[in-house]
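**Q** Could you have a look at this structure, given as structure tokens, before my questions?
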Amino acid sequence: MKPILWRIWRFTRWPLAVLITLYVAIVIYSFPHALEKEKTEQTIARINAQRLTIENVNGEHLPPPPDPAQVDATIEGVDANANGIRDDVELAIFEKYPNNAKVRAAELQYAMALQMYLTEVFNSETWVDAVTQNSRGYACISQTYPRDDLKEYIRVTAARVDEVKTLMFNTKARQDADVHVRTFTTSFGLPNSNLCDISNQ
């Protein structure tokens with residue numbers, strides 16, 4: 001009986017070794033893809049869960065002025081009150097619009113979206129969700145001025161969008177991050193409803 005088993009083992013050991021090697025190689029190859037898929041799903045969930053609150057708009061938890069040495073030391077910057085908006089940007093918007101909650105809300109929403117765009121995007125899937133939030137914020141800003149005079153409406157909307165972009169992309173590192181994120185550009189559908197996180201301000 002033993003010689004038969006030995007002969008079977010002699011003929012099957014190499015094909016079995018090849019199969020085991022292939023299996024291990026497939027597992028090793030697919031592991032990073034599985035990790036990236038999980039990371040992508042978690043990031044997309046985080047991007048879509050991030051929303052401006054009425055407390056943000058009312059300034060109920062405004063951060064203290066950040067340390068100037070830390071404000072621009074990283075792409076992320078400082079967010080002491082952990083509301084998804086860089087503290088220096090949040091304070092600048094409150095300073096510019098202390099008595100206009102509607103404009104303040106729209107600009108804060110756009111700033112929050114741009115912060116996610118700069119810090120959360122690492123592939124085309126995350127890019128789509130971040131840019132969808134950017135589009136919502138941009139469109140929300142466009143609702144802060146009446147359309148009676150179209151030329152003035154376009155001018156004011158563009159100026160308010162540029163205000164936020166200037167604050168958000170204020171260093172070379174952040175501008176470079178913007179350029180890098182654009183490498184993940186792909187097609188997506190523009191949102192046309194539910195544009196403002198906070199409405200009726």
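The chains in the structure tokens are called A, B, ... from first to last as shown; in each chain the residues are counted from 1, and the ligands are counted from 1 in the order shown.
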Give me, as a PyMOL selection string, all polymer residues having an atom no more than 9 Å from region 81-88 of chain A, counting only C-alpha atoms and skipping those fewer than 3 positions away in the same chain.
**A** chain A and resi 50-53+56+61-66+71+76-78+91-93+108-109+111-116+167-168
**Q** Now that the selection is made, can you save its residues with N, CA and C atoms as a PDB file, in the first residue's frame?
**A**
```pdb
ATOM      1  N   GLN A  50     -20.653  64.106   5.935  1.00  0.00           N
ATOM      2  CA  GLN A  50     -20.240  65.432   6.413  1.00  0.00           C
ATOM      3  C   GLN A  50     -21.228  66.486   5.943  1.00  0.00           C
ATOM      4  N   ARG A  51     -21.859  67.166   6.867  1.00  0.00           N
ATOM      5  CA  ARG A  51     -22.836  68.200   6.530  1.00  0.00           C
ATOM      6  C   ARG A  51     -22.684  69.386   7.484  1.00  0.00           C
ATOM      7  N   LEU A  52     -22.951  70.547   6.936  1.00  0.00           N
ATOM      8  CA  LEU A  52     -22.974  71.765   7.740  1.00  0.00           C
ATOM      9  C   LEU A  52     -24.185  71.717   8.668  1.00  0.00           C
ATOM     10  N   THR A  53     -24.024  72.205   9.886  1.00  0.00           N
ATOM     11  CA  THR A  53     -25.146  72.244  10.827  1.00  0.00           C
ATOM     12  C   THR A  53     -25.510  73.695  11.137  1.00  0.00           C
ATOM     13  N   ASN A  56     -23.004  75.353  13.253  1.00  0.00           N
ATOM     14  CA  ASN A  56     -21.849  75.895  12.519  1.00  0.00           C
ATOM     15  C   ASN A  56     -22.165  77.288  11.995  1.00  0.00           C
ATOM     16  N   HIS A  61     -19.928  77.216  18.153  1.00  0.00           N
ATOM     17  CA  HIS A  61     -18.683  76.587  18.596  1.00  0.00           C
ATOM     18  C   HIS A  61     -17.507  77.114  17.776  1.00  0.00           C
ATOM     19  N   LEU A  62     -17.466  78.423  17.606  1.00  0.00           N
ATOM     20  CA  LEU A  62     -16.363  78.999  16.827  1.00  0.00           C
ATOM     21  C   LEU A  62     -15.024  78.672  17.482  1.00  0.00           C
ATOM     22  N   PRO A  63     -14.033  78.343  16.674  1.00  0.00           N
ATOM     23  CA  PRO A  63     -12.716  78.013  17.241  1.00  0.00           C
ATOM     24  C   PRO A  63     -11.971  79.277  17.636  1.00  0.00           C
ATOM     25  N   PRO A  64     -10.983  79.149  18.510  1.00  0.00           N
ATOM     26  CA  PRO A  64     -10.110  80.298  18.782  1.00  0.00           C
ATOM     27  C   PRO A  64      -9.224  80.529  17.565  1.00  0.00           C
ATOM     28  N   PRO A  65      -8.680  81.736  17.423  1.00  0.00           N
ATOM     29  CA  PRO A  65      -7.748  81.958  16.304  1.00  0.00           C
ATOM     30  C   PRO A  65      -6.605  80.946  16.364  1.00  0.00           C
ATOM     31  N   PRO A  66      -6.339  80.265  15.266  1.00  0.00           N
ATOM     32  CA  PRO A  66      -5.296  79.235  15.289  1.00  0.00           C
ATOM     33  C   PRO A  66      -3.898  79.824  15.367  1.00  0.00           C
ATOM     34  N   VAL A  71      -1.209  77.230  10.916  1.00  0.00           N
ATOM     35  CA  VAL A  71      -2.296  77.455   9.956  1.00  0.00           C
ATOM     36  C   VAL A  71      -1.983  76.877   8.582  1.00  0.00           C
ATOM     37  N   GLU A  76      -3.983  70.088   5.508  1.00  0.00           N
ATOM     38  CA  GLU A  76      -5.191  70.014   6.329  1.00  0.00           C
ATOM     39  C   GLU A  76      -5.410  71.271   7.150  1.00  0.00           C
ATOM     40  N   GLY A  77      -4.329  71.887   7.621  1.00  0.00           N
ATOM     41  CA  GLY A  77      -4.457  73.056   8.477  1.00  0.00           C
ATOM     42  C   GLY A  77      -4.970  72.677   9.855  1.00  0.00           C
ATOM     43  N   VAL A  78      -5.608  73.636  10.512  1.00  0.00           N
ATOM     44  CA  VAL A  78      -6.093  73.444  11.881  1.00  0.00           C
ATOM     45  C   VAL A  78      -7.616  73.460  11.882  1.00  0.00           C
ATOM     46  N   LEU A  91     -13.196  81.402  10.418  1.00  0.00           N
ATOM     47  CA  LEU A  91     -13.162  82.717  11.077  1.00  0.00           C
ATOM     48  C   LEU A  91     -13.197  83.849  10.058  1.00  0.00           C
ATOM     49  N   ALA A  92     -12.529  83.674   8.921  1.00  0.00           N
ATOM     50  CA  ALA A  92     -12.532  84.711   7.874  1.00  0.00           C
ATOM     51  C   ALA A  92     -13.932  84.901   7.300  1.00  0.00           C
ATOM     52  N   ILE A  93     -14.681  83.816   7.113  1.00  0.00           N
ATOM     53  CA  ILE A  93     -16.042  83.916   6.577  1.00  0.00           C
ATOM     54  C   ILE A  93     -16.954  84.606   7.590  1.00  0.00           C
ATOM     55  N   LEU A 108     -19.552  78.568   4.062  1.00  0.00           N
ATOM     56  CA  LEU A 108     -19.032  77.546   4.975  1.00  0.00           C
ATOM     57  C   LEU A 108     -19.216  76.147   4.381  1.00  0.00           C
ATOM     58  N   GLN A 109     -20.369  75.921   3.762  1.00  0.00           N
ATOM     59  CA  GLN A 109     -20.617  74.619   3.124  1.00  0.00           C
ATOM     60  C   GLN A 109     -19.611  74.362   2.009  1.00  0.00           C
ATOM     61  N   ALA A 111     -16.625  75.720   1.705  1.00  0.00           N
ATOM     62  CA  ALA A 111     -15.304  75.539   2.318  1.00  0.00           C
ATOM     63  C   ALA A 111     -15.154  74.119   2.862  1.00  0.00           C
ATOM     64  N   MET A 112     -16.204  73.598   3.477  1.00  0.00           N
ATOM     65  CA  MET A 112     -16.178  72.237   3.990  1.00  0.00           C
ATOM     66  C   MET A 112     -15.972  71.233   2.849  1.00  0.00           C
ATOM     67  N   ALA A 113     -16.678  71.464   1.742  1.00  0.00           N
ATOM     68  CA  ALA A 113     -16.557  70.573   0.584  1.00  0.00           C
ATOM     69  C   ALA A 113     -15.146  70.623  -0.001  1.00  0.00           C
ATOM     70  N   LEU A 114     -14.578  71.822  -0.109  1.00  0.00           N
ATOM     71  CA  LEU A 114     -13.219  71.945  -0.648  1.00  0.00           C
ATOM     72  C   LEU A 114     -12.186  71.311   0.284  1.00  0.00           C
ATOM     73  N   GLN A 115     -12.442  71.378   1.578  1.00  0.00           N
ATOM     74  CA  GLN A 115     -11.531  70.726   2.531  1.00  0.00           C
ATOM     75  C   GLN A 115     -11.527  69.213   2.314  1.00  0.00           C
ATOM     76  N   MET A 116     -12.701  68.638   2.107  1.00  0.00           N
ATOM     77  CA  MET A 116     -12.773  67.196   1.826  1.00  0.00           C
ATOM     78  C   MET A 116     -12.089  66.874   0.501  1.00  0.00           C
ATOM     79  N   LEU A 167      -9.290  81.538  -0.004  1.00  0.00           N
ATOM     80  CA  LEU A 167      -8.984  81.142   1.370  1.00  0.00           C
ATOM     81  C   LEU A 167      -8.489  79.692   1.434  1.00  0.00           C
ATOM     82  N   MET A 168      -9.116  78.823   0.669  1.00  0.00           N
ATOM     83  CA  MET A 168      -8.813  77.388   0.739  1.00  0.00           C
ATOM     84  C   MET A 168      -7.508  77.013   0.044  1.00  0.00           C
TER      85      MET A 168
END
```
**Q** Enumerate the residues of chain A with a DSSP assignment of alpha helix (DSSP H), computed from the backbone, and present them as a PyMOL selection string.
**A** chain A and resi 2-49+54-58+68-71+87-96+101-120+124-142+150-168+172-182
**Q** Determine the nearest neighbour of Ile54 (chain A) from the options A:Gln175, A:Glu125, A:Glu90, A:Ala105, counting only C-alpha atoms.
**A**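 Answer, going by the shortest atom-to-atom distance: A:Ala105.
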**Q** Using only C-alpha atoms, find the one residue out of A:Asn99, A:Thr166, A:Thr186, A:Thr144 that sits nearest to Gly59 (chain A).
**A**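 Distance minimum relative to Gly59 (chain A) lands on A:Asn99.
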**Q** Using only C-alpha atoms, which of A:Ser193, A:Thr185, A:Asn58, A:Asn170 sits nearest Phe122 (chain A)?
**A** A:Thr185
**Q** Ranking A:Val89, A:Ile198, A:Ala101, A:Ile141 by minimum distance to Arg155 (chain A) and counting only C-alpha atoms, which one comes first?
**A**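 Looking only at the distances to Arg155 (chain A), the closest residue turns out to be A:Ile141.
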